[in-house]
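Okay, model25.csv is below, CSV, C-alpha atoms:
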```csv
chain,number,residue,atom,x,y,z
A,11,MET,CA,-191.1,83.9,-63.7
A,12,ASN,CA,-192.1,86.9,-61.6
A,13,ALA,CA,-195.8,86.4,-62.4
A,14,MET,CA,-197.6,83.4,-61.2
A,15,THR,CA,-198.3,81.0,-63.9
A,16,VAL,CA,-201.3,79.7,-62.0
A,17,PRO,CA,-203.9,82.3,-61.1
A,18,LEU,CA,-204.3,83.0,-57.4
A,19,ALA,CA,-208.0,82.3,-57.6
A,20,ASN,CA,-207.3,78.7,-58.4
A,21,TYR,CA,-205.4,78.3,-55.2
A,22,ILE,CA,-208.2,80.0,-53.3
A,23,ALA,CA,-210.8,77.8,-54.8
A,24,LEU,CA,-208.8,74.6,-54.2
A,25,SER,CA,-208.1,75.6,-50.6
A,26,ALA,CA,-211.8,76.4,-50.0
A,27,VAL,CA,-212.9,73.0,-51.3
A,28,ILE,CA,-210.4,71.2,-49.1
A,29,PHE,CA,-211.4,73.3,-46.2
A,30,PHE,CA,-215.1,72.4,-46.7
A,31,ILE,CA,-214.2,68.7,-47.1
A,32,GLY,CA,-212.7,69.0,-43.7
A,33,VAL,CA,-215.8,70.8,-42.3
A,34,ALA,CA,-218.0,68.0,-43.7
A,35,GLY,CA,-215.7,65.4,-42.1
A,36,VAL,CA,-216.1,67.0,-38.7
A,37,ILE,CA,-219.8,67.3,-39.1
A,38,VAL,CA,-220.5,63.9,-40.5
A,39,ARG,CA,-218.1,61.5,-38.8
A,40,ARG,CA,-218.5,60.5,-35.2
A,41,ASN,CA,-215.1,58.8,-34.9
A,42,PRO,CA,-212.9,61.3,-32.9
A,43,LEU,CA,-209.7,60.3,-34.7
A,44,ILE,CA,-211.2,61.0,-38.1
A,45,MET,CA,-212.6,64.3,-36.8
A,46,LEU,CA,-209.1,65.3,-35.7
A,47,MET,CA,-207.8,64.3,-39.1
A,48,SER,CA,-210.5,66.5,-40.7
A,49,ILE,CA,-209.3,69.4,-38.5
A,50,GLU,CA,-205.8,68.8,-39.8
A,51,LEU,CA,-207.2,69.0,-43.4
A,52,MET,CA,-208.7,72.4,-42.5
A,53,PHE,CA,-205.3,73.6,-41.1
A,54,ASN,CA,-203.6,72.5,-44.2
A,55,ALA,CA,-206.2,74.3,-46.5
A,56,ALA,CA,-205.4,77.5,-44.6
A,57,ASN,CA,-201.7,76.8,-44.9
A,58,LEU,CA,-202.0,76.4,-48.7
A,59,LEU,CA,-203.7,79.7,-48.9
A,60,PHE,CA,-201.0,81.4,-46.8
A,61,ALA,CA,-198.3,79.9,-49.1
A,62,ALA,CA,-200.2,80.9,-52.3
A,63,PHE,CA,-200.6,84.5,-51.0
A,64,ALA,CA,-197.0,84.7,-50.0
A,65,ARG,CA,-196.1,83.6,-53.5
A,66,ALA,CA,-198.4,86.2,-55.1
A,67,TRP,CA,-197.1,89.0,-52.9
A,68,LEU,CA,-193.6,87.8,-52.9
A,69,HIS,CA,-193.4,88.3,-49.1
A,70,ASN,CA,-192.3,85.5,-46.8
A,71,ALA,CA,-194.5,86.5,-43.8
A,72,GLY,CA,-197.0,83.9,-45.1
A,73,HIS,CA,-194.3,81.3,-44.8
A,74,ILE,CA,-193.6,82.3,-41.2
A,75,PHE,CA,-197.3,82.0,-40.4
A,76,VAL,CA,-197.5,78.5,-42.0
A,77,PHE,CA,-194.6,77.5,-39.8
A,78,LEU,CA,-196.4,78.8,-36.7
A,79,VAL,CA,-199.6,77.1,-37.7
A,80,ILE,CA,-197.9,73.8,-38.2
A,81,THR,CA,-196.4,74.1,-34.7
A,82,VAL,CA,-199.8,74.9,-33.1
A,83,ALA,CA,-201.4,72.0,-35.2
A,84,ALA,CA,-198.8,69.6,-33.8
A,85,ALA,CA,-199.6,70.7,-30.2
A,86,GLU,CA,-203.4,70.5,-31.0
A,87,ALA,CA,-203.0,67.0,-32.4
A,88,ALA,CA,-201.0,65.8,-29.4
A,89,ILE,CA,-203.6,67.1,-26.9
A,90,GLY,CA,-206.5,65.9,-28.9
A,91,LEU,CA,-205.1,62.4,-29.1
A,92,ALA,CA,-204.4,62.5,-25.4
A,93,ILE,CA,-208.0,63.4,-24.7
A,94,VAL,CA,-209.2,60.6,-27.0
A,95,VAL,CA,-207.0,58.1,-25.2
A,96,THR,CA,-208.2,59.3,-21.8
A,97,VAL,CA,-211.8,59.1,-22.8
A,98,PHE,CA,-211.4,55.7,-24.3
A,99,ARG,CA,-209.7,54.4,-21.1
A,100,SER,CA,-212.6,55.6,-18.9
A,101,ALA,CA,-215.6,55.2,-21.2
A,102,LYS,CA,-214.5,52.3,-23.3
A,103,THR,CA,-216.0,53.9,-26.4
A,104,VAL,CA,-214.7,56.1,-29.3
A,105,ASP,CA,-218.1,57.4,-30.4
A,106,VAL,CA,-218.3,61.1,-29.6
A,107,ASP,CA,-222.1,60.8,-29.3
A,108,ASP,CA,-221.7,58.4,-26.3
A,109,VAL,CA,-219.4,60.8,-24.5
A,110,ALA,CA,-222.1,63.3,-23.4
A,111,LEU,CA,-221.1,63.7,-19.8
A,112,MET,CA,-220.7,67.4,-20.0
A,113,LYS,CA,-223.9,68.0,-21.9
A,114,GLY,CA,-225.8,68.7,-18.6
B,11,MET,CA,-200.2,74.8,-64.8
B,12,VAL,CA,-200.3,71.0,-65.5
B,13,ALA,CA,-198.6,70.4,-62.1
B,14,PHE,CA,-201.2,72.4,-60.4
B,15,TRP,CA,-204.1,70.5,-61.8
B,16,VAL,CA,-202.5,67.1,-61.2
B,17,LEU,CA,-201.8,68.1,-57.6
B,18,ALA,CA,-205.2,69.6,-57.2
B,19,VAL,CA,-206.9,66.3,-58.3
B,20,VAL,CA,-204.6,64.3,-55.9
B,21,LEU,CA,-205.3,66.7,-53.0
B,22,LEU,CA,-209.1,66.6,-53.5
B,23,ALA,CA,-209.2,62.8,-54.0
B,24,SER,CA,-207.1,62.1,-50.9
B,25,ALA,CA,-209.1,64.6,-48.8
B,26,ILE,CA,-212.4,62.9,-49.8
B,27,TRP,CA,-210.9,59.5,-49.2
B,28,CYS,CA,-209.6,60.6,-45.7
B,29,VAL,CA,-213.1,61.9,-44.7
B,30,THR,CA,-215.1,58.9,-46.1
B,31,ALA,CA,-212.8,56.0,-45.2
B,32,LYS,CA,-214.4,53.4,-43.0
B,33,ARG,CA,-211.3,52.6,-40.9
B,34,PRO,CA,-209.2,55.3,-39.3
B,35,VAL,CA,-206.0,53.6,-40.6
B,36,TYR,CA,-207.1,54.2,-44.2
B,37,SER,CA,-207.8,57.8,-43.3
B,38,VAL,CA,-204.2,58.1,-42.1
B,39,VAL,CA,-202.9,56.7,-45.4
B,40,ALA,CA,-205.1,59.1,-47.3
B,41,LEU,CA,-203.8,62.0,-45.2
B,42,LEU,CA,-200.3,60.9,-45.8
B,43,LEU,CA,-200.9,61.1,-49.6
B,44,HIS,CA,-202.6,64.5,-49.0
B,45,PHE,CA,-199.6,65.9,-47.1
B,46,ALA,CA,-197.2,64.6,-49.7
B,47,ALA,CA,-199.1,66.3,-52.5
B,48,LEU,CA,-199.3,69.4,-50.4
B,49,ALA,CA,-195.6,69.4,-50.0
B,50,ALA,CA,-195.2,69.2,-53.8
B,51,THR,CA,-197.6,72.1,-54.1
B,52,TYR,CA,-195.5,74.1,-51.7
B,53,LEU,CA,-192.5,73.4,-54.0
B,54,THR,CA,-194.4,74.8,-56.9
B,55,LEU,CA,-195.1,77.9,-54.8
B,56,ASN,CA,-191.3,78.5,-54.2
B,57,ALA,CA,-191.7,77.5,-50.5
B,58,GLU,CA,-189.0,74.9,-50.2
B,59,PHE,CA,-188.6,75.1,-46.5
B,60,LEU,CA,-192.3,74.7,-46.0
B,61,ALA,CA,-192.3,71.6,-48.2
B,62,VAL,CA,-189.6,70.1,-46.0
B,63,ILE,CA,-191.2,70.8,-42.7
B,64,GLN,CA,-194.6,69.6,-44.1
B,65,ILE,CA,-193.0,66.2,-44.7
B,66,ILE,CA,-191.0,66.1,-41.5
B,67,VAL,CA,-193.6,67.5,-39.0
B,68,TYR,CA,-196.9,66.4,-40.5
B,69,SER,CA,-196.0,63.1,-42.2
B,70,GLY,CA,-193.2,62.2,-39.9
B,71,ALA,CA,-194.6,63.3,-36.5
B,72,ILE,CA,-198.3,64.0,-36.4
B,73,LEU,CA,-199.4,61.1,-38.6
B,74,ILE,CA,-197.2,58.7,-36.7
B,75,LEU,CA,-198.9,59.9,-33.5
B,76,PHE,CA,-202.2,59.2,-35.1
B,77,LEU,CA,-201.0,55.7,-36.1
B,78,PHE,CA,-199.8,55.0,-32.5
B,79,VAL,CA,-203.1,56.0,-31.0
B,80,ILE,CA,-205.0,53.9,-33.5
B,81,ALA,CA,-202.8,50.9,-32.8
B,82,LEU,CA,-203.1,51.5,-29.0
B,83,LEU,CA,-206.8,51.8,-29.0
B,84,SER,CA,-207.7,49.1,-31.5
B,85,SER,CA,-205.5,46.3,-30.0
B,86,GLY,CA,-207.8,43.6,-28.9
B,87,VAL,CA,-210.8,45.9,-28.6
B,88,ALA,CA,-213.8,45.1,-30.9
B,89,PRO,CA,-215.5,48.5,-31.4
B,90,PHE,CA,-212.6,50.2,-33.0
B,91,ALA,CA,-212.2,47.8,-35.9
B,92,THR,CA,-215.0,49.3,-38.0
B,93,GLY,CA,-215.6,52.5,-36.2
B,94,PRO,CA,-218.9,54.1,-35.5
B,95,ASP,CA,-220.2,55.8,-38.6
B,96,ARG,CA,-223.3,57.9,-38.6
B,97,LEU,CA,-222.7,59.1,-42.1
B,98,PRO,CA,-226.2,58.5,-43.6
B,99,ARG,CA,-228.1,60.3,-40.8
B,100,ILE,CA,-226.5,63.7,-41.2
B,101,ALA,CA,-225.0,63.4,-44.7
B,102,ILE,CA,-227.7,65.4,-46.5
B,103,PRO,CA,-227.7,68.5,-44.2
B,104,ALA,CA,-223.9,68.4,-44.1
B,105,VAL,CA,-223.6,68.3,-47.9
B,106,ALA,CA,-226.2,71.0,-48.2
B,107,LEU,CA,-224.3,73.2,-45.8
B,108,VAL,CA,-221.0,72.6,-47.7
B,109,VAL,CA,-222.6,73.4,-51.1
B,110,ILE,CA,-224.2,76.6,-49.8
B,111,ALA,CA,-220.9,77.7,-48.2
B,112,LEU,CA,-219.0,76.9,-51.4
B,113,GLY,CA,-221.6,78.7,-53.5
B,114,PHE,CA,-221.3,81.8,-51.3
B,115,LEU,CA,-217.5,81.6,-51.6
B,116,THR,CA,-217.6,81.3,-55.4
B,117,TRP,CA,-219.9,84.2,-55.6
B,118,ALA,CA,-217.6,86.3,-53.3
B,119,LEU,CA,-214.6,85.2,-55.3
B,120,ALA,CA,-216.2,86.2,-58.6
B,121,ARG,CA,-217.0,89.6,-57.3
B,122,THR,CA,-213.5,90.5,-56.0
B,123,THR,CA,-210.2,91.0,-57.7
B,124,VAL,CA,-207.1,90.2,-55.8
B,125,ALA,CA,-204.5,92.8,-56.2
B,126,THR,CA,-200.9,91.7,-56.4
B,127,PRO,CA,-198.4,94.4,-55.8
B,128,ALA,CA,-195.2,94.7,-57.8
B,129,THR,CA,-192.2,94.1,-55.5
B,130,SER,CA,-188.5,94.3,-56.0
B,131,ILE,CA,-187.7,90.7,-54.8
B,132,SER,CA,-186.8,88.5,-57.6
B,133,THR,CA,-187.7,84.8,-57.8
B,134,LEU,CA,-184.8,84.2,-60.2
B,135,GLY,CA,-181.5,82.8,-59.1
B,136,PRO,CA,-180.3,79.7,-57.4
B,137,ALA,CA,-182.8,78.4,-54.8
B,138,GLY,CA,-181.8,78.9,-51.2
B,139,THR,CA,-179.6,81.9,-51.6
B,140,ALA,CA,-180.5,85.0,-49.7
B,141,GLY,CA,-182.6,87.6,-51.5
B,142,VAL,CA,-184.4,85.0,-53.6
B,143,PHE,CA,-188.0,84.5,-52.7
B,144,GLY,CA,-188.7,81.5,-50.5
B,145,SER,CA,-185.1,80.9,-49.6
B,146,VAL,CA,-184.3,79.3,-46.2
B,147,ALA,CA,-181.8,82.1,-45.5
B,148,ASP,CA,-184.5,84.8,-45.8
B,149,PHE,CA,-187.0,82.6,-43.8
B,150,GLY,CA,-184.5,82.2,-41.0
B,151,THR,CA,-183.6,85.9,-40.9
B,152,ALA,CA,-187.3,86.9,-40.8
B,153,LEU,CA,-188.1,84.2,-38.2
B,154,PHE,CA,-185.3,85.3,-35.8
B,155,THR,CA,-185.6,89.0,-36.2
B,156,THR,CA,-189.0,90.3,-37.2
B,157,TYR,CA,-191.0,87.4,-35.9
B,158,LEU,CA,-188.9,86.5,-32.9
B,159,LEU,CA,-191.7,87.0,-30.3
B,160,PRO,CA,-194.2,84.6,-32.1
B,161,PHE,CA,-191.4,82.1,-32.4
B,162,GLU,CA,-190.7,82.3,-28.7
B,163,VAL,CA,-194.4,82.0,-27.9
B,164,THR,CA,-194.5,78.7,-29.9
B,165,ALA,CA,-192.0,77.3,-27.4
B,166,LEU,CA,-194.4,78.1,-24.6
B,167,ILE,CA,-197.3,76.5,-26.5
B,168,LEU,CA,-195.3,73.4,-27.1
B,169,MET,CA,-194.4,73.2,-23.4
B,170,VAL,CA,-198.0,73.6,-22.4
B,171,ALA,CA,-198.9,70.9,-24.9
B,172,VAL,CA,-196.3,68.5,-23.5
B,173,ILE,CA,-197.3,69.1,-19.9
B,174,GLY,CA,-201.0,68.8,-20.8
B,175,VAL,CA,-200.5,65.5,-22.6
B,176,VAL,CA,-198.5,64.0,-19.7
B,177,LEU,CA,-201.2,65.2,-17.3
B,178,LEU,CA,-204.0,63.8,-19.4
B,179,ALA,CA,-202.7,60.5,-20.7
B,180,GLY,CA,-199.7,59.8,-18.5
B,181,ASP,CA,-199.5,57.2,-15.8
B,182,GLN,CA,-201.2,58.7,-12.7
B,183,THR,CA,-199.9,56.3,-10.1
B,184,PRO,CA,-196.7,57.4,-8.4
B,185,TYR,CA,-193.7,55.1,-8.5
B,186,VAL,CA,-193.5,53.2,-5.2
B,187,PRO,CA,-191.1,50.3,-5.3
B,188,SER,CA,-192.4,47.3,-3.3
B,189,LYS,CA,-190.5,45.9,-0.4
B,190,LYS,CA,-190.0,42.6,-2.2
B,191,HIS,CA,-188.6,44.3,-5.3
B,192,ALA,CA,-186.2,46.4,-3.2
B,193,ASP,CA,-185.0,43.3,-1.4
B,194,ASP,CA,-184.5,41.5,-4.7
B,195,VAL,CA,-182.4,44.3,-6.1
B,196,ARG,CA,-180.4,44.5,-2.9
B,197,ARG,CA,-179.7,40.8,-2.9
B,198,GLU,CA,-178.7,40.7,-6.6
B,199,MET,CA,-176.3,43.6,-6.0
B,200,ARG,CA,-174.8,41.7,-3.0
B,201,GLU,CA,-174.4,38.5,-5.0
B,202,ALA,CA,-172.8,40.4,-7.9
B,203,ILE,CA,-170.3,41.9,-5.5
B,204,VAL,CA,-169.5,38.5,-4.0
B,205,ARG,CA,-169.0,37.0,-7.6
B,206,GLY,CA,-166.7,39.9,-8.5
B,207,GLY,CA,-164.6,39.2,-5.3
B,208,ASP,CA,-164.1,35.6,-6.3
B,209,GLN,CA,-162.4,36.4,-9.6
```

Would you write the structure of this file as structure tokens?
Amino acid sequence: MNAMTVPLANYIALSAVIFFIGVAGVIVRRNPLIMLMSIELMFNAANLLFAAFARAWLHNAGHIFVFLVITVAAAEAAIGLAIVVTVFRSAKTVDVDDVALMKG
Amino acid sequence: MVAFWVLAVVLLASAIWCVTAKRPVYSVVALLLHFAALAATYLTLNAEFLAVIQIIVYSGAILILFLFVIALLSSGVAPFATGPDRLPRIAIPAVALVVIALGFLTWALARTTVATPATSISTLGPAGTAGVFGSVADFGTALFTTYLLPFEVTALILMVAVIGVVLLAGDQTPYVPSKKHADDVRREMREAIVRGGDQ
């Protein structure tokens, strides 16, 4: 059981595909909530890679890093949602294209 | 191996569903499925503690936060029901970018070999006991000794997040009780005292 039954490359490929699904979500969608969820997808793709490498190297530094990433992701989600709520209160829209005040 | 492919299919399908769903609520449901499958994947990677905090923090806290915001914003407001969707306009360049990036990644992956060093830690033994890879005991020891500084910094990050959220979305008007309200409270208190004296 010391060797991984699933090759590490499978995890890398899976994580990459999930990450790029998240990238596509941020690019394509204009609903800020779904864009935030796509960012969460990207966080989790990175976390999966950390866990897979930790398993391959049998070193739990990867687990610690996933823990820290989850903490930062929670803070990011809270602040992002607060910004969405604030913008919705003042602009009455949830389309990020309509919120172009800072564009100059 | 079978578990990996089943979980991979679930992960990819739920990720695509999350990104393409018309309503944000369906995206949250898809993301819930995604996180559950990811927790199962962590279990197959001997990361029991990560699986648990994935369920608790992501499914239990972050997704509920998303649901609350969706419920808050979409209550009685028309534009949020369907959600603005500009998918067709930018879909082709986005898909092209993703395919190019994935192709580059596959090319890079095919060229490299990932070395896995032999270590003395065994994965055999009862789960959770110290010395076994992925055990909570080892995780806690590492977190509170080697990685103590990053752990303490996350406390600062969370505090900054809390203060930021309260500043951004909190009620900005200071609490000033009106004269009438204060008079009402005072009169009710006086009447309660008088009633108590009668008994």

Tell me, counting all atoms listed in the file, for each residue of chain A within 8 Å of chain B, which pair of atoms is nearest and how far apart they are in Å to one decimal, in rows ordered by chain and increasing number, as CSV.
```
residue,atom,partner,partner_atom,distance
A:Met11,CA,B:Thr133,CA,6.9
A:Asn12,CA,B:Thr133,CA,6.2
A:Thr15,CA,B:Met11,CA,6.5
A:Val16,CA,B:Met11,CA,5.7
A:Leu18,CA,B:Val124,CA,7.9
A:Ala19,CA,B:Leu119,CA,7.6
A:Ala23,CA,B:Thr116,CA,7.7
A:Leu24,CA,B:Ala18,CA,6.9
A:Ala26,CA,B:Leu112,CA,7.4
A:Val27,CA,B:Leu112,CA,7.2
A:Ile28,CA,B:Leu22,CA,6.5
A:Phe30,CA,B:Val108,CA,6.0
A:Ile31,CA,B:Ile26,CA,6.6
A:Gly32,CA,B:Val29,CA,7.2
A:Val33,CA,B:Val108,CA,7.7
A:Ala34,CA,B:Ala104,CA,5.9
A:Gly35,CA,B:Val29,CA,5.1
A:Ile37,CA,B:Ala104,CA,6.6
A:Val38,CA,B:Leu97,CA,5.5
A:Arg39,CA,B:Asp95,CA,6.1
A:Arg40,CA,B:Asp95,CA,6.0
A:Asn41,CA,B:Pro94,CA,6.1
A:Leu43,CA,B:Pro34,CA,6.8
A:Ile44,CA,B:Pro34,CA,6.2
A:Met47,CA,B:Leu41,CA,7.6
A:Ser48,CA,B:Val29,CA,6.6
A:Leu51,CA,B:Ala25,CA,7.2
A:Leu58,CA,B:Tyr52,CA,7.5
A:Ala61,CA,B:Leu55,CA,6.8
A:Ala62,CA,B:Leu55,CA,6.4
A:Arg65,CA,B:Leu55,CA,5.9
A:Ala66,CA,B:Thr126,CA,6.2
A:Trp67,CA,B:Thr126,CA,5.8
A:Leu68,CA,B:Phe143,CA,6.5
A:His69,CA,B:Phe143,CA,7.5
A:Asn70,CA,B:Gly144,CA,6.5
A:Ala71,CA,B:Ala152,CA,7.8
A:His73,CA,B:Leu60,CA,7.0
A:Ile74,CA,B:Leu153,CA,6.5
A:Val76,CA,B:Leu60,CA,7.6
A:Phe77,CA,B:Leu60,CA,7.2
A:Leu78,CA,B:Thr164,CA,7.1
A:Ile80,CA,B:Val67,CA,7.7
A:Thr81,CA,B:Thr164,CA,6.9
A:Val82,CA,B:Ile167,CA,7.2
A:Ala84,CA,B:Ile72,CA,6.2
A:Ala85,CA,B:Ala171,CA,5.3
A:Glu86,CA,B:Ala171,CA,7.6
A:Ala87,CA,B:Ile72,CA,6.9
A:Ala88,CA,B:Val175,CA,6.8
A:Ile89,CA,B:Val175,CA,5.5
A:Leu91,CA,B:Val79,CA,7.0
A:Ala92,CA,B:Ala179,CA,5.4
A:Ile93,CA,B:Leu178,CA,6.7
A:Val95,CA,B:Ala179,CA,6.7
A:Thr96,CA,B:Ala179,CA,5.7
A:Phe98,CA,B:Leu83,CA,7.6
A:Thr103,CA,B:Pro89,CA,7.4
A:Val104,CA,B:Phe90,CA,7.3
A:Asp105,CA,B:Pro94,CA,6.1
```

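Taking atom CA of A:Val94 as the reference point, atom CA of B:Gly70 is found at 20.6 Å.
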
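Pairwise distance (atom CA of A:Pro42, atom CA of B:Val39) equals 16.7 Å.
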
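Note that the spacing between atom CA of A:Leu59 and atom CA of A:Ile22 amounts to 6.3 Å.
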
How would stretch 187-199 of chain B read, as a PDB file, keeping the file's coordinate frame, once N, CA, C and O atoms are built in?
```
ATOM      1  N   PRO B 187    -191.631  51.622  -5.175  1.00  0.00           N
ATOM      2  CA  PRO B 187    -191.100  50.300  -5.300  1.00  0.00           C
ATOM      3  C   PRO B 187    -191.569  49.425  -4.094  1.00  0.00           C
ATOM      4  O   PRO B 187    -191.578  49.878  -2.949  1.00  0.00           O
ATOM      5  N   SER B 188    -191.963  48.202  -4.406  1.00  0.00           N
ATOM      6  CA  SER B 188    -192.400  47.300  -3.300  1.00  0.00           C
ATOM      7  C   SER B 188    -191.252  46.838  -2.503  1.00  0.00           C
ATOM      8  O   SER B 188    -190.104  46.858  -2.938  1.00  0.00           O
ATOM      9  N   LYS B 189    -191.564  46.393  -1.292  1.00  0.00           N
ATOM     10  CA  LYS B 189    -190.500  45.900  -0.400  1.00  0.00           C
ATOM     11  C   LYS B 189    -189.774  44.720  -0.963  1.00  0.00           C
ATOM     12  O   LYS B 189    -188.553  44.614  -0.905  1.00  0.00           O
ATOM     13  N   LYS B 190    -190.583  43.827  -1.606  1.00  0.00           N
ATOM     14  CA  LYS B 190    -190.000  42.600  -2.200  1.00  0.00           C
ATOM     15  C   LYS B 190    -189.034  42.982  -3.310  1.00  0.00           C
ATOM     16  O   LYS B 190    -187.923  42.451  -3.389  1.00  0.00           O
ATOM     17  N   HIS B 191    -189.473  43.913  -4.175  1.00  0.00           N
ATOM     18  CA  HIS B 191    -188.600  44.300  -5.300  1.00  0.00           C
ATOM     19  C   HIS B 191    -187.326  44.920  -4.804  1.00  0.00           C
ATOM     20  O   HIS B 191    -186.237  44.596  -5.298  1.00  0.00           O
ATOM     21  N   ALA B 192    -187.437  45.781  -3.785  1.00  0.00           N
ATOM     22  CA  ALA B 192    -186.200  46.400  -3.200  1.00  0.00           C
ATOM     23  C   ALA B 192    -185.298  45.367  -2.659  1.00  0.00           C
ATOM     24  O   ALA B 192    -184.073  45.419  -2.858  1.00  0.00           O
ATOM     25  N   ASP B 193    -185.883  44.383  -1.968  1.00  0.00           N
ATOM     26  CA  ASP B 193    -185.000  43.300  -1.400  1.00  0.00           C
ATOM     27  C   ASP B 193    -184.350  42.513  -2.474  1.00  0.00           C
ATOM     28  O   ASP B 193    -183.159  42.181  -2.349  1.00  0.00           O
ATOM     29  N   ASP B 194    -185.110  42.221  -3.571  1.00  0.00           N
ATOM     30  CA  ASP B 194    -184.500  41.500  -4.700  1.00  0.00           C
ATOM     31  C   ASP B 194    -183.334  42.221  -5.268  1.00  0.00           C
ATOM     32  O   ASP B 194    -182.262  41.649  -5.504  1.00  0.00           O
ATOM     33  N   VAL B 195    -183.516  43.514  -5.490  1.00  0.00           N
ATOM     34  CA  VAL B 195    -182.400  44.300  -6.100  1.00  0.00           C
ATOM     35  C   VAL B 195    -181.217  44.309  -5.181  1.00  0.00           C
ATOM     36  O   VAL B 195    -180.076  44.128  -5.634  1.00  0.00           O
ATOM     37  N   ARG B 196    -181.477  44.460  -3.869  1.00  0.00           N
ATOM     38  CA  ARG B 196    -180.400  44.500  -2.900  1.00  0.00           C
ATOM     39  C   ARG B 196    -179.600  43.184  -2.910  1.00  0.00           C
ATOM     40  O   ARG B 196    -178.363  43.139  -2.898  1.00  0.00           O
ATOM     41  N   ARG B 197    -180.359  42.078  -2.940  1.00  0.00           N
ATOM     42  CA  ARG B 197    -179.700  40.800  -2.900  1.00  0.00           C
ATOM     43  C   ARG B 197    -178.882  40.516  -4.157  1.00  0.00           C
ATOM     44  O   ARG B 197    -177.757  40.025  -4.097  1.00  0.00           O
ATOM     45  N   GLU B 198    -179.471  40.907  -5.330  1.00  0.00           N
ATOM     46  CA  GLU B 198    -178.700  40.700  -6.600  1.00  0.00           C
ATOM     47  C   GLU B 198    -177.437  41.517  -6.570  1.00  0.00           C
ATOM     48  O   GLU B 198    -176.385  41.039  -7.005  1.00  0.00           O
ATOM     49  N   MET B 199    -177.506  42.744  -6.042  1.00  0.00           N
ATOM     50  CA  MET B 199    -176.300  43.600  -6.000  1.00  0.00           C
ATOM     51  C   MET B 199    -175.246  42.901  -5.094  1.00  0.00           C
ATOM     52  O   MET B 199    -174.058  42.837  -5.432  1.00  0.00           O
TER      53      MET B 199
END
```
